[in-house]
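**Q** For reference, the file my_file.cif (mmCIF, C-alpha atoms) is included below:
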```
data_start
#
loop_
_atom_site.label_atom_id
_atom_site.label_comp_id
_atom_site.auth_asym_id
_atom_site.auth_seq_id
_atom_site.Cartn_x
_atom_site.Cartn_y
_atom_site.Cartn_z
CA MET A 658 -31.51 -4.22 -15.35
CA GLY A 659 -28.82 -4.53 -12.67
CA ALA A 660 -27.94 -2.52 -9.59
CA VAL A 661 -26.21 0.79 -8.91
CA ILE A 662 -23.29 1.44 -6.55
CA LEU A 663 -23.09 4.96 -5.13
CA LEU A 664 -19.51 5.94 -4.27
CA PRO A 665 -18.38 8.54 -1.72
CA GLY A 666 -16.27 11.32 -3.17
CA VAL A 667 -13.05 10.00 -1.66
CA LEU A 668 -13.33 6.75 -3.64
CA ARG A 669 -14.31 8.20 -7.00
CA PRO A 670 -10.70 8.59 -8.23
CA GLU A 671 -10.46 4.79 -8.06
CA ALA A 672 -13.32 4.51 -10.58
CA ALA A 673 -12.20 7.13 -13.10
CA GLY A 674 -14.17 9.80 -11.26
CA ALA A 675 -17.54 8.07 -11.45
CA SER A 676 -20.02 8.58 -8.63
CA ARG A 677 -22.36 5.79 -9.82
CA LEU A 678 -21.33 2.37 -11.04
CA GLU A 679 -23.77 0.07 -12.80
CA VAL A 680 -23.27 -3.60 -12.00
CA ALA A 681 -25.05 -6.85 -12.72
CA ALA A 682 -27.96 -8.01 -10.52
CA PRO A 683 -29.71 -9.99 -9.15
CA GLY A 684 -27.04 -11.70 -7.13
CA THR A 685 -25.34 -11.16 -3.79
CA VAL A 686 -23.00 -8.56 -2.33
CA ARG A 687 -20.22 -11.06 -2.96
CA ASP A 688 -21.14 -11.22 -6.65
CA VAL A 689 -21.23 -7.45 -6.90
CA LEU A 690 -17.82 -7.13 -5.24
CA ALA A 691 -16.42 -9.77 -7.59
CA GLU A 692 -17.52 -7.63 -10.52
CA VAL A 693 -15.98 -4.57 -8.87
CA THR A 694 -12.72 -6.49 -8.45
CA ALA A 695 -12.68 -7.40 -12.14
CA ARG A 696 -13.59 -3.96 -13.45
CA TRP A 697 -12.14 -1.56 -10.86
CA PRO A 698 -9.37 -3.46 -9.01
CA ARG A 699 -7.98 -0.45 -7.16
CA LEU A 700 -11.46 0.43 -5.86
CA ALA A 701 -12.03 -3.17 -4.83
CA ARG A 702 -9.00 -3.35 -2.60
CA ARG A 703 -10.06 -0.21 -0.77
CA LEU A 704 -13.22 -2.08 0.19
CA ARG A 705 -11.91 -5.58 0.97
CA ASP A 706 -8.64 -7.15 2.13
CA GLU A 707 -6.94 -10.01 0.31
CA ARG A 708 -9.05 -12.52 2.23
CA GLY A 709 -12.12 -10.97 0.68
CA GLU A 710 -13.39 -9.50 3.94
CA LEU A 711 -14.94 -6.05 4.02
CA ARG A 712 -12.59 -3.61 5.70
CA ARG A 713 -13.61 -2.77 9.24
CA TYR A 714 -14.64 0.82 8.61
CA VAL A 715 -16.30 0.26 5.24
CA ASN A 716 -20.08 0.10 5.46
CA LEU A 717 -22.06 -1.19 2.51
CA TYR A 718 -25.79 -0.54 2.47
CA VAL A 719 -28.16 -2.46 0.20
CA ASP A 720 -31.33 -0.44 -0.24
CA GLY A 721 -30.62 1.31 3.04
CA GLU A 722 -29.66 -1.68 5.20
CA GLU A 723 -26.03 -2.28 6.17
CA CYS A 724 -25.05 -5.69 4.82
CA ARG A 725 -23.47 -6.87 8.09
CA ARG A 726 -26.93 -6.61 9.71
CA MET A 727 -28.30 -8.94 7.06
CA SER A 728 -26.25 -11.78 5.61
CA GLY A 729 -22.93 -10.03 5.10
CA LEU A 730 -21.40 -10.81 1.74
CA ASP A 731 -24.24 -13.26 1.07
CA THR A 732 -26.85 -10.51 1.33
CA PRO A 733 -29.09 -10.62 -1.77
CA VAL A 734 -28.84 -7.75 -4.21
CA PRO A 735 -32.12 -7.59 -6.13
CA ASP A 736 -32.57 -6.18 -9.57
CA GLY A 737 -32.79 -2.41 -9.30
CA ALA A 738 -31.03 -2.26 -5.93
CA GLU A 739 -29.09 0.78 -4.78
CA ILE A 740 -25.83 0.01 -2.98
CA GLN A 741 -24.31 2.83 -0.96
CA ILE A 742 -20.72 2.66 0.23
CA ILE A 743 -20.24 4.92 3.24
CA PRO A 744 -17.12 5.15 5.43
CA SER A 745 -17.95 4.77 9.09
CA VAL A 746 -17.03 7.40 11.65
CA ALA A 747 -13.61 6.46 12.98
CA GLY A 748 -10.23 7.86 13.84
CA GLY A 749 -8.91 11.05 15.34
CA MET B 780 24.98 18.91 -2.19
CA ALA B 781 21.19 18.84 -1.92
CA ARG B 782 19.46 16.80 0.76
CA LEU B 783 16.02 15.27 0.66
CA VAL B 784 14.16 14.24 3.81
CA ALA B 785 10.98 12.20 3.63
CA ILE B 786 8.83 12.61 6.73
CA GLY B 787 6.09 10.06 7.35
CA THR B 788 3.45 11.14 9.84
CA GLU B 789 0.22 9.87 11.31
CA LYS B 790 -1.70 11.80 8.66
CA GLY B 791 0.48 11.95 5.59
CA LEU B 792 3.91 12.48 4.08
CA PHE B 793 6.01 15.63 3.76
CA LEU B 794 9.18 16.08 1.72
CA ALA B 795 11.79 18.54 2.93
CA THR B 796 14.65 19.72 0.76
CA HIS B 797 17.82 21.63 1.51
CA ASP B 798 20.12 23.04 -1.13
CA GLY B 799 22.31 25.35 0.86
CA GLY B 800 19.65 27.79 2.04
CA GLU B 801 16.65 27.28 4.27
CA TRP B 802 14.82 24.00 4.49
CA GLU B 803 11.76 23.89 2.25
CA VAL B 804 8.88 21.62 3.22
CA SER B 805 6.41 20.34 0.64
CA ALA B 806 2.67 20.30 0.77
CA LEU B 807 1.01 17.24 2.25
CA HIS B 808 1.04 13.96 0.34
CA PHE B 809 -1.20 10.97 1.21
CA ALA B 810 -3.56 13.06 3.31
CA VAL B 811 -5.07 11.32 6.33
CA LYS B 812 -3.06 8.16 5.69
CA SER B 813 -0.54 7.03 8.28
CA VAL B 814 2.88 6.69 6.71
CA TYR B 815 4.82 4.15 8.75
CA ALA B 816 7.34 3.29 6.04
CA VAL B 817 9.27 5.36 3.54
CA ALA B 818 12.46 4.72 1.62
CA ILE B 819 14.54 6.93 -0.66
CA ASP B 820 16.22 4.60 -3.11
CA THR B 821 19.20 6.23 -4.84
CA ARG B 822 20.69 3.07 -6.34
CA GLY B 823 19.33 3.48 -9.84
CA GLY B 824 20.47 7.04 -10.52
CA THR B 825 17.16 8.88 -10.37
CA PRO B 826 15.99 8.88 -6.74
CA ARG B 827 12.83 6.91 -6.12
CA ILE B 828 10.63 7.45 -3.08
CA LEU B 829 8.71 4.41 -1.87
CA VAL B 830 5.90 4.94 0.61
CA GLY B 831 3.86 2.54 2.69
CA ALA B 832 0.67 4.40 3.57
CA SER B 833 -2.35 3.09 5.45
CA SER B 834 -5.86 4.46 5.56
CA ALA B 835 -7.95 3.53 8.56
CA HIS B 836 -10.88 3.13 6.18
CA TRP B 837 -9.39 1.95 2.92
CA GLY B 838 -6.43 -0.16 4.00
CA PRO B 839 -2.73 -0.19 3.17
CA SER B 840 -0.96 0.59 -0.07
CA VAL B 841 2.52 1.08 -1.51
CA ALA B 842 3.17 3.97 -3.89
CA ILE B 843 6.32 5.03 -5.72
CA SER B 844 7.47 8.38 -7.05
CA SER B 845 10.30 8.75 -9.53
CA ASP B 846 10.02 12.53 -9.76
CA LEU B 847 10.60 13.60 -6.15
CA GLY B 848 6.95 13.46 -5.23
CA ARG B 849 5.37 15.32 -8.12
CA THR B 850 3.51 12.16 -9.13
CA TRP B 851 2.89 8.86 -7.41
CA VAL B 852 2.28 5.49 -9.00
CA GLU B 853 0.29 2.75 -7.33
CA PRO B 854 -0.14 -0.33 -9.52
CA ASP B 855 -3.60 -1.72 -10.20
CA ASP B 856 -2.53 -4.95 -8.54
CA PRO B 857 -1.52 -4.25 -4.94
CA ALA B 858 2.22 -4.50 -4.36
CA ILE B 859 2.01 -6.54 -1.16
CA VAL B 860 -0.57 -9.28 -0.75
CA PHE B 861 -0.51 -12.24 1.61
CA PRO B 862 -0.96 -15.48 -0.36
CA GLU B 863 -4.37 -17.08 0.08
CA ASP B 864 -3.03 -20.14 1.90
CA THR B 865 -1.65 -17.98 4.72
CA GLY B 866 -5.10 -16.82 5.75
CA ALA B 867 -3.54 -13.45 6.57
CA ALA B 868 -4.23 -9.95 5.35
CA LEU B 869 -1.85 -7.02 5.18
CA GLU B 870 -2.52 -4.64 8.01
CA ARG B 871 0.32 -2.19 7.51
CA VAL B 872 3.72 -1.79 5.88
CA TRP B 873 6.26 -0.98 8.58
CA GLN B 874 9.46 -1.00 6.62
CA LEU B 875 10.67 -0.54 3.05
CA ALA B 876 14.36 -1.34 2.64
CA PRO B 877 16.41 -1.14 -0.56
CA GLY B 878 18.48 -4.27 -1.17
CA PRO B 879 22.11 -4.53 -2.29
CA ALA B 880 23.72 -1.50 -3.96
CA ASP B 881 24.37 -3.41 -7.18
CA ARG B 882 20.87 -4.90 -7.38
CA PRO B 883 18.53 -1.87 -7.62
CA GLU B 884 15.61 -4.09 -8.52
CA ILE B 885 15.61 -5.72 -5.07
CA VAL B 886 13.55 -4.09 -2.32
CA TYR B 887 12.38 -5.62 0.95
CA ALA B 888 9.25 -4.87 2.94
CA GLY B 889 8.45 -5.64 6.56
CA THR B 890 4.81 -5.90 7.46
CA GLU B 891 2.19 -6.29 10.13
CA PRO B 892 1.42 -9.13 10.71
CA SER B 893 5.09 -10.04 11.05
CA ALA B 894 6.31 -11.02 7.61
CA LEU B 895 9.10 -10.24 5.20
CA PHE B 896 8.43 -9.62 1.52
CA ARG B 897 10.94 -9.37 -1.33
CA SER B 898 10.53 -7.44 -4.57
CA GLU B 899 12.62 -8.04 -7.67
CA ASP B 900 11.05 -5.23 -9.69
CA GLY B 901 11.95 -2.20 -7.65
CA GLY B 902 8.99 -2.40 -5.27
CA ARG B 903 6.11 -2.68 -7.73
CA SER B 904 5.34 -6.23 -6.60
CA PHE B 905 6.53 -8.33 -3.69
CA SER B 906 6.61 -12.02 -2.78
CA LEU B 907 6.30 -13.43 0.72
CA VAL B 908 9.57 -14.82 2.12
CA ARG B 909 8.15 -18.19 3.12
CA GLY B 910 11.08 -19.28 5.28
CA LEU B 911 10.34 -16.64 7.89
CA TRP B 912 6.56 -16.89 7.63
CA GLU B 913 6.73 -20.65 8.20
CA HIS B 914 9.25 -20.42 11.04
CA PRO B 915 8.10 -22.61 13.94
CA HIS B 916 8.49 -19.68 16.32
CA ARG B 917 6.03 -17.47 14.46
CA PRO B 918 2.85 -18.62 16.22
CA THR B 919 4.40 -17.55 19.53
CA TRP B 920 5.55 -14.10 18.47
CA GLU B 921 3.50 -11.58 20.38
CA PRO B 922 2.48 -8.08 19.37
CA GLY B 923 4.27 -5.23 21.06
CA GLY B 924 2.51 -1.99 21.89
CA GLY B 925 2.57 -0.92 18.24
CA GLY B 926 1.52 -4.25 16.78
CA GLN B 927 3.23 -7.42 15.59
CA ALA B 928 5.43 -6.35 12.72
CA ILE B 929 8.81 -6.74 11.07
CA HIS B 930 10.11 -3.23 11.65
CA THR B 931 13.79 -3.68 10.83
CA ILE B 932 15.37 -5.15 7.69
CA LEU B 933 19.13 -5.04 7.28
CA PRO B 934 20.44 -6.68 4.12
CA ASP B 935 24.15 -7.53 4.23
CA PRO B 936 26.02 -5.18 1.88
CA ARG B 937 28.48 -7.98 1.05
CA ASP B 938 26.08 -10.83 0.36
CA ASP B 939 22.50 -10.76 -0.92
CA GLY B 940 21.80 -14.04 0.84
CA ARG B 941 22.44 -12.69 4.32
CA MET B 942 20.09 -10.47 6.26
CA VAL B 943 19.01 -9.48 9.75
CA VAL B 944 15.42 -8.61 10.67
CA ALA B 945 13.82 -7.62 13.94
CA MET B 946 10.41 -7.29 15.49
CA SER B 947 8.68 -6.40 18.74
CA THR B 948 8.13 -8.79 20.33
CA GLY B 949 9.95 -11.65 18.74
CA GLY B 950 13.44 -10.23 18.62
CA VAL B 951 16.23 -10.51 16.10
CA TYR B 952 16.38 -13.20 13.38
CA ARG B 953 19.17 -13.88 10.89
CA THR B 954 19.38 -15.70 7.59
CA ALA B 955 22.42 -16.74 5.55
CA ASP B 956 20.57 -18.52 2.74
CA ARG B 957 18.37 -15.89 1.12
CA GLY B 958 15.61 -16.34 3.66
CA GLU B 959 15.18 -20.11 3.46
CA THR B 960 16.11 -20.61 7.11
CA TRP B 961 16.22 -18.20 10.03
CA THR B 962 18.06 -18.31 13.36
CA PRO B 963 17.15 -16.17 16.35
CA GLY B 964 19.96 -13.81 17.36
CA ASN B 965 19.08 -12.58 20.83
CA ALA B 966 21.73 -14.05 23.13
CA GLY B 967 22.53 -11.57 25.87
CA ILE B 968 19.47 -9.37 25.37
CA ARG B 969 17.47 -9.23 28.57
CA ALA B 970 13.70 -9.68 28.49
CA VAL B 971 11.72 -8.34 31.43
CA HIS B 972 8.20 -9.18 30.30
CA VAL B 973 8.59 -12.98 30.53
CA PRO B 974 9.80 -15.23 33.38
CA ASP B 975 13.04 -16.24 31.62
CA PRO B 976 15.24 -13.14 31.49
CA PHE B 977 17.30 -14.48 28.59
CA PRO B 978 15.00 -16.45 26.28
CA GLU B 979 16.10 -17.68 22.88
CA TYR B 980 13.66 -15.25 21.27
CA GLY B 981 10.73 -13.04 22.19
CA GLN B 982 12.68 -9.97 23.28
CA CYS B 983 11.09 -6.60 22.65
CA VAL B 984 13.65 -5.23 20.23
CA HIS B 985 12.72 -1.72 19.14
CA LYS B 986 15.30 -1.07 16.42
CA VAL B 987 18.58 -2.48 15.10
CA ALA B 988 21.27 -0.70 13.08
CA ARG B 989 24.26 -2.08 11.24
CA ASP B 990 27.63 -0.37 11.69
CA GLY B 991 28.54 1.70 8.64
CA ALA B 992 32.06 0.27 8.37
CA ASP B 993 31.86 -3.21 9.89
CA PRO B 994 28.94 -5.27 8.51
CA ASP B 995 29.28 -7.80 11.34
CA ARG B 996 28.72 -5.17 14.03
CA PHE B 997 25.20 -4.18 15.07
CA TYR B 998 23.53 -1.93 17.62
CA ALA B 999 20.10 -2.46 19.15
CA GLN B 1000 17.71 -0.27 21.11
CA VAL B 1001 15.57 -2.62 23.14
CA HIS B 1002 12.61 -2.05 25.45
CA HIS B 1003 14.95 -2.21 28.44
CA GLY B 1004 18.41 -1.63 27.10
CA VAL B 1005 20.89 -0.70 24.42
CA TYR B 1006 23.20 -3.39 23.05
CA ARG B 1007 26.03 -4.05 20.61
CA SER B 1008 26.82 -7.22 18.71
CA ASP B 1009 30.26 -7.89 17.27
CA ASP B 1010 29.41 -11.27 15.79
CA GLY B 1011 26.78 -10.64 13.16
CA ALA B 1012 23.81 -10.20 15.49
CA ALA B 1013 24.28 -13.57 17.17
CA SER B 1014 25.07 -12.32 20.67
CA TRP B 1015 24.90 -8.96 22.41
CA THR B 1016 26.49 -6.96 25.22
CA SER B 1017 25.03 -3.91 26.94
CA ILE B 1018 26.21 -0.44 25.99
CA ALA B 1019 23.51 1.32 27.98
CA ASP B 1020 25.37 2.12 31.20
CA PRO B 1021 26.76 5.52 30.15
CA LEU B 1022 23.34 6.63 28.89
CA PRO B 1023 20.86 8.51 31.09
CA GLY B 1024 18.14 5.93 30.42
CA ASP B 1025 17.79 2.48 28.95
CA PHE B 1026 14.46 2.98 27.18
CA GLY B 1027 13.99 4.42 23.72
CA PHE B 1028 13.04 3.54 20.21
CA PRO B 1029 15.52 4.52 17.48
CA ILE B 1030 19.20 3.76 17.01
CA VAL B 1031 21.11 4.65 13.86
CA ALA B 1032 24.69 4.23 12.69
CA HIS B 1033 26.86 6.67 10.77
CA PRO B 1034 26.97 5.59 7.13
CA SER B 1035 30.73 5.06 7.04
CA ARG B 1036 32.48 6.04 10.28
CA PRO B 1037 33.14 2.94 12.38
CA GLY B 1038 31.58 2.87 15.81
CA THR B 1039 29.67 6.15 15.44
CA ILE B 1040 26.03 5.82 16.44
CA TYR B 1041 23.11 7.97 17.56
CA ASN B 1042 20.06 7.46 19.71
CA PHE B 1043 17.44 9.38 21.62
CA PRO B 1044 17.38 7.93 25.13
CA MET B 1045 14.32 8.01 27.30
CA ILE B 1046 14.31 7.55 31.03
CA ALA B 1047 12.66 4.15 31.45
CA ASP B 1048 9.75 1.96 30.41
CA MET B 1049 7.59 3.40 33.18
CA ASP B 1050 8.89 6.94 32.65
CA ARG B 1051 8.72 7.36 28.92
CA PHE B 1052 10.10 10.82 28.51
CA PRO B 1053 13.34 12.13 27.06
CA ALA B 1054 16.13 11.95 29.60
CA ASP B 1055 15.95 14.94 31.96
CA HIS B 1056 12.95 16.11 29.93
CA ARG B 1057 15.36 17.65 27.46
CA CYS B 1058 15.60 17.34 23.70
CA ARG B 1059 19.00 15.74 23.21
CA VAL B 1060 20.46 13.24 20.82
CA TYR B 1061 23.21 11.06 22.21
CA ARG B 1062 26.20 10.16 20.06
CA SER B 1063 28.87 7.55 20.61
CA ARG B 1064 32.08 7.51 18.59
CA ASP B 1065 33.43 4.35 20.21
CA ALA B 1066 30.70 1.82 19.54
CA GLY B 1067 28.81 2.58 22.72
CA ALA B 1068 31.64 2.64 25.27
CA SER B 1069 30.91 6.31 25.92
CA TRP B 1070 28.15 8.68 24.87
CA GLU B 1071 27.88 12.47 24.57
CA PRO B 1072 24.69 14.53 24.59
CA LEU B 1073 24.12 16.76 21.57
CA SER B 1074 21.85 19.74 22.01
CA ALA B 1075 23.23 22.74 20.09
CA GLY B 1076 20.29 24.20 18.24
CA LEU B 1077 17.72 21.86 19.77
CA PRO B 1078 14.91 23.22 22.00
CA SER B 1079 16.11 24.22 25.44
CA ALA B 1080 12.67 24.25 27.05
CA PRO B 1081 11.36 21.07 28.72
CA PHE B 1082 10.67 18.51 26.02
CA TYR B 1083 8.34 15.56 26.49
CA PRO B 1084 7.47 13.94 23.15
CA SER B 1085 8.87 10.58 22.06
CA VAL B 1086 10.99 9.90 19.01
CA LEU B 1087 9.70 6.70 17.47
CA ARG B 1088 11.78 3.81 16.16
CA ASP B 1089 11.94 4.87 12.51
CA ALA B 1090 11.88 8.60 13.16
CA MET B 1091 15.66 8.97 13.22
CA CYS B 1092 18.06 8.42 10.33
CA VAL B 1093 21.30 9.43 8.68
CA ASP B 1094 22.05 10.20 5.07
CA ALA B 1095 25.13 9.15 3.10
CA GLY B 1096 26.63 12.63 2.85
CA ASP B 1097 30.12 13.69 3.92
CA PRO B 1098 29.70 15.06 6.48
CA ALA B 1099 26.69 12.89 7.16
CA GLY B 1100 23.32 14.43 7.89
CA VAL B 1101 21.48 13.23 10.97
CA TYR B 1102 17.71 13.70 11.30
CA PHE B 1103 14.92 12.99 13.73
CA GLY B 1104 11.24 13.76 14.13
CA ALA B 1105 9.12 13.77 17.27
CA LYS B 1106 5.54 12.95 18.07
CA SER B 1107 5.10 16.70 18.58
CA GLY B 1108 5.38 17.09 14.79
CA GLU B 1109 8.80 18.71 14.88
CA VAL B 1110 11.69 17.57 12.67
CA PHE B 1111 15.32 18.46 13.27
CA ALA B 1112 18.42 18.09 11.11
CA SER B 1113 22.14 18.21 11.69
CA LEU B 1114 24.33 18.62 8.64
CA ASP B 1115 27.54 18.27 10.66
CA GLU B 1116 27.09 14.77 12.09
CA GLY B 1117 25.26 15.94 15.19
CA ASP B 1118 27.36 18.88 16.35
CA SER B 1119 24.62 21.43 15.61
CA TRP B 1120 20.95 21.22 14.72
CA THR B 1121 18.27 23.22 12.96
CA ARG B 1122 14.53 22.77 12.93
CA VAL B 1123 13.31 21.54 9.55
CA ALA B 1124 9.58 21.60 10.27
CA ALA B 1125 7.11 22.10 13.09
CA HIS B 1126 3.41 21.61 13.71
CA LEU B 1127 3.19 18.48 11.58
CA PRO B 1128 1.14 15.49 12.68
CA ALA B 1129 3.05 13.06 14.90
CA VAL B 1130 6.16 11.89 13.08
CA LEU B 1131 6.34 8.14 12.48
CA CYS B 1132 9.36 7.81 10.20
CA VAL B 1133 12.12 9.88 8.66
CA ARG B 1134 14.44 8.93 5.80
CA ALA B 1135 17.03 11.13 4.10
CA ALA B 1136 19.30 11.07 1.09
CA VAL B 1137 21.80 13.19 -0.74
CA ILE B 1138 20.36 13.90 -4.18
#
```
Please express the file's structure as structure tokens.

**A**
Amino acid sequence: MGAVILLPGVLRPEAAGASRLEVAAPGTVRDVLAEVTARWPRLARRLRDERGELRRYVNLYVDGEECRRMSGLDTPVPDGAEIQIIPSVAGG
Amino acid sequence: MARLVAIGTEKGLFLATHDGGEWEVSALHFAVKSVYAVAIDTRGGTPRILVGASSAHWGPSVAISSDLGRTWVEPDDPAIVFPEDTGAALERVWQLAPGPADRPEIVYAGTEPSALFRSEDGGRSFSLVRGLWEHPHRPTWEPGGGGQAIHTILPDPRDDGRMVVAMSTGGVYRTADRGETWTPGNAGIRAVHVPDPFPEYGQCVHKVARDGADPDRFYAQVHHGVYRSDDGAASWTSIADPLPGDFGFPIVAHPSRPGTIYNFPMIADMDRFPADHRCRVYRSRDAGASWEPLSAGLPSAPFYPSVLRDAMCVDAGDPAGVYFGAKSGEVFASLDEGDSWTRVAAHLPAVLCVRAAVI
């Protein structure tokens, strides 16, 4: 069945305008981001740097829990999960 | 003779054009991205604008326009990536510098963390210059107030293998073998933030310019001083005494007139305001032996904002255009080599960089 990524409006141009992306699951956040890198490379680099680390002000919620509060990139993504990408509040 | 000015700000890019009438300023490009680096590359005929833009949320990117900003191209694969074995990640692009005039495919980029990248496809992709990254001094380079970055890249117009780069704080480095090996070039530049006043490297060099007529002559605005080198950026002597302050960020050289340079002096490190709290550019026509203030057309009211290291430039016109932008979001231009000035734009976000070309 897989999982769904919900994109904020500002990132949709990097995924041909899509607000929802269907990806494979079960797996981990790392697996999901690997699929994003393969299918939407410009979107992927907005989320992670070249070391593979989530950018500081990118928050990624798996079924409502921010992944850094769980196991980071190793957080499980179950079948049917909803992954929300939400920019944190930062800047001036 | 039309002029194009690219204005990078804390929250986007503006393009100003002048074709004999009033200055026209474009709508905002790269909204809410800080544009620390911009280049207007006129070597290939059609002008190309290269932009290094950084989003606080979504990271850095390099985009190119070949139609004066109507459209921008950012490749699917990012242009600048640190190789995996470095363990580093690109924080920000601080400098985009076209290479030799007869090699339009070569473009250099200076980055934070301090690294030099070279492109051989006009800026669409870059490779790390390993010789500088693996320099034994690199682990001891410290970040200045703005970060640890290569902010100055000066390819030698006579020889693609020779180049000068600079950073704060690390100082000036030179190569004569296409970046394989690098030698610090800081002799005579005083450092005040470390016990040794004249270290081999580590000076807080804010900006370096190459003389427009003599490729072996350079000028440097340093944290505590202004200097000239007559030996290819190996050693330096002070040219700050006639100026009203030794602090500042930018220094630029006339594109062809020997010994003609411009800067925007500030009072001192601990008094970081324009000299006398006035908006004045200083020009030297004798390689820094004497300086004259230029203020015709500039604001006469007290003026407090800084002009940052890349926020002053010249174009290659005859007469040359001189341009600067301030953290107040104002941009000024002189189309007569500094004798008189007009305001190009106001109320922009803080200006980070300005580059201009005759198109």

**Q** For the structure shown, which residues end up in the PyMOL selection byres ((chain A) within 7 of (chain B))? Put them as a ChimeraX atom specification, please?

**A** /A:698-699,703-704,706-708,712,714-715,744

**Q** Any chance you can output those residues with C-alpha atoms as a PDB file, in the frame of the given file?

**A**
```pdb
ATOM      1  CA  PRO A 698      -9.370  -3.460  -9.010  1.00  0.00           C
ATOM      2  CA  ARG A 699      -7.980  -0.450  -7.160  1.00  0.00           C
ATOM      3  CA  ARG A 703     -10.060  -0.210  -0.770  1.00  0.00           C
ATOM      4  CA  LEU A 704     -13.220  -2.080   0.190  1.00  0.00           C
ATOM      5  CA  ASP A 706      -8.640  -7.150   2.130  1.00  0.00           C
ATOM      6  CA  GLU A 707      -6.940 -10.010   0.310  1.00  0.00           C
ATOM      7  CA  ARG A 708      -9.050 -12.520   2.230  1.00  0.00           C
ATOM      8  CA  ARG A 712     -12.590  -3.610   5.700  1.00  0.00           C
ATOM      9  CA  TYR A 714     -14.640   0.820   8.610  1.00  0.00           C
ATOM     10  CA  VAL A 715     -16.300   0.260   5.240  1.00  0.00           C
ATOM     11  CA  PRO A 744     -17.120   5.150   5.430  1.00  0.00           C
TER      12      PRO A 744
END
```

**Q** As an exercise, work out the distance from atom CA of B:His930 to atom CA of B:Gly1024 in Å and give it to one decimal place.

**A**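 Between atom CA of B:His930 and atom CA of B:Gly1024 the gap works out to 22.4 Å.
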
**Q** Can you pull out every residue within 6 Å of B:Tyr887, counting all atoms listed in the file, but drop anything in the same chain fewer than 2 positions away, and send it as a PyMOL selection string?

**A** chain B and resi 875-876+896-897

**Q** Between atom CA of B:Pro883 and atom CA of B:Asp935, what is the distance in Å, rounded to a tenth?

**A**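 Taking atom CA of B:Pro883 as the start and atom CA of B:Asp935 as the end point, the length is 14.3 Å.
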
**Q** Can you turn the PyMOL selection byres ((chain B and resi 892) around 9) into a concrete residue list for this file, as a short mmCIF file (atom, residue, chain, number, x, y, z; two decimals) with C-alpha atoms, in the coordinates of the input?

**A**
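Listed below is the output, result_10.cif:
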```
data_model
loop_
_atom_site.label_atom_id
_atom_site.label_comp_id
_atom_site.auth_asym_id
_atom_site.auth_seq_id
_atom_site.Cartn_x
_atom_site.Cartn_y
_atom_site.Cartn_z
CA ALA B 867 -3.54 -13.45 6.57
CA ALA B 868 -4.23 -9.95 5.35
CA LEU B 869 -1.85 -7.02 5.18
CA GLU B 870 -2.52 -4.64 8.01
CA ARG B 871 0.32 -2.19 7.51
CA GLY B 889 8.45 -5.64 6.56
CA THR B 890 4.81 -5.90 7.46
CA GLU B 891 2.19 -6.29 10.13
CA SER B 893 5.09 -10.04 11.05
CA ALA B 894 6.31 -11.02 7.61
CA PRO B 922 2.48 -8.08 19.37
CA GLY B 926 1.52 -4.25 16.78
CA GLN B 927 3.23 -7.42 15.59
CA ALA B 928 5.43 -6.35 12.72
CA ILE B 929 8.81 -6.74 11.07
#
```

**Q** Just how far from atom CA of A:Thr694 is atom CA of A:Ser745, in Å to one decimal?

**A**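 Atom CA of A:Thr694 lies 21.5 Å from atom CA of A:Ser745.
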
**Q** So which residues touch B:Cys1058 within 10 Å, counting only C-alpha atoms, skipping near sequence neighbours fewer than 2 positions away, as number ranges by chain?

**A** B: 1043-1044, 1052-1056, 1060-1061, 1072-1074, 1076-1086, 1105

**Q** Please expand the PyMOL selection byres ((chain A and resi 672) around 10) into the concrete residues it hits in this file, giving the result as a compact mmCIF listing (two decimals) with C-alpha atoms, in the coordinates of the input.

**A**
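After the write, expr-v6.txt holds the following:
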```txt
# COMPACT_ATOMS: atom_id res chain seq x y z
CA LEU A 664 -19.51 5.94 -4.27
CA LEU A 668 -13.33 6.75 -3.64
CA ARG A 669 -14.31 8.20 -7.00
CA PRO A 670 -10.70 8.59 -8.23
CA GLU A 671 -10.46 4.79 -8.06
CA ALA A 673 -12.20 7.13 -13.10
CA GLY A 674 -14.17 9.80 -11.26
CA ALA A 675 -17.54 8.07 -11.45
CA SER A 676 -20.02 8.58 -8.63
CA ARG A 677 -22.36 5.79 -9.82
CA LEU A 678 -21.33 2.37 -11.04
CA VAL A 693 -15.98 -4.57 -8.87
CA ARG A 696 -13.59 -3.96 -13.45
CA TRP A 697 -12.14 -1.56 -10.86
CA PRO A 698 -9.37 -3.46 -9.01
CA ARG A 699 -7.98 -0.45 -7.16
CA LEU A 700 -11.46 0.43 -5.86
CA ALA A 701 -12.03 -3.17 -4.83
```

**Q** Any idea what's packed within 12 Å of B:Ile968, counting only C-alpha atoms, ignoring anything in its chain fewer than 5 positions away? Could you give it as a ChimeraX atom specification?

**A** /B:949-951,963,975-985,998-1008,1012-1019

**Q** What's around B:Ala1129 at 6 Å? Count only C-alpha atoms, leave out sequence neighbours fewer than 6 positions away in its own chain, and write the answer as a list in words.

**A** Thr788, Glu789, Lys1106, Ser1107 and Gly1108 of chain B

**Q** Can you work out which one of A:Pro665, A:Pro683, A:Gly709, A:Gly659 has the shortest atom-to-atom distance to A:Gly729, counting all atoms listed in the file?

**A**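 Ranking A:Pro665, A:Pro683, A:Gly709, A:Gly659 by distance to A:Gly729, first place goes to A:Gly709.
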
**Q** Under the rule that only C-alpha atoms are counted, which of B:Leu1087, B:Val1137, B:Ala810, B:Cys1092 is the nearest residue to A:Val667?

**A**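 For A:Val667, the nearest of the given residues is B:Ala810.
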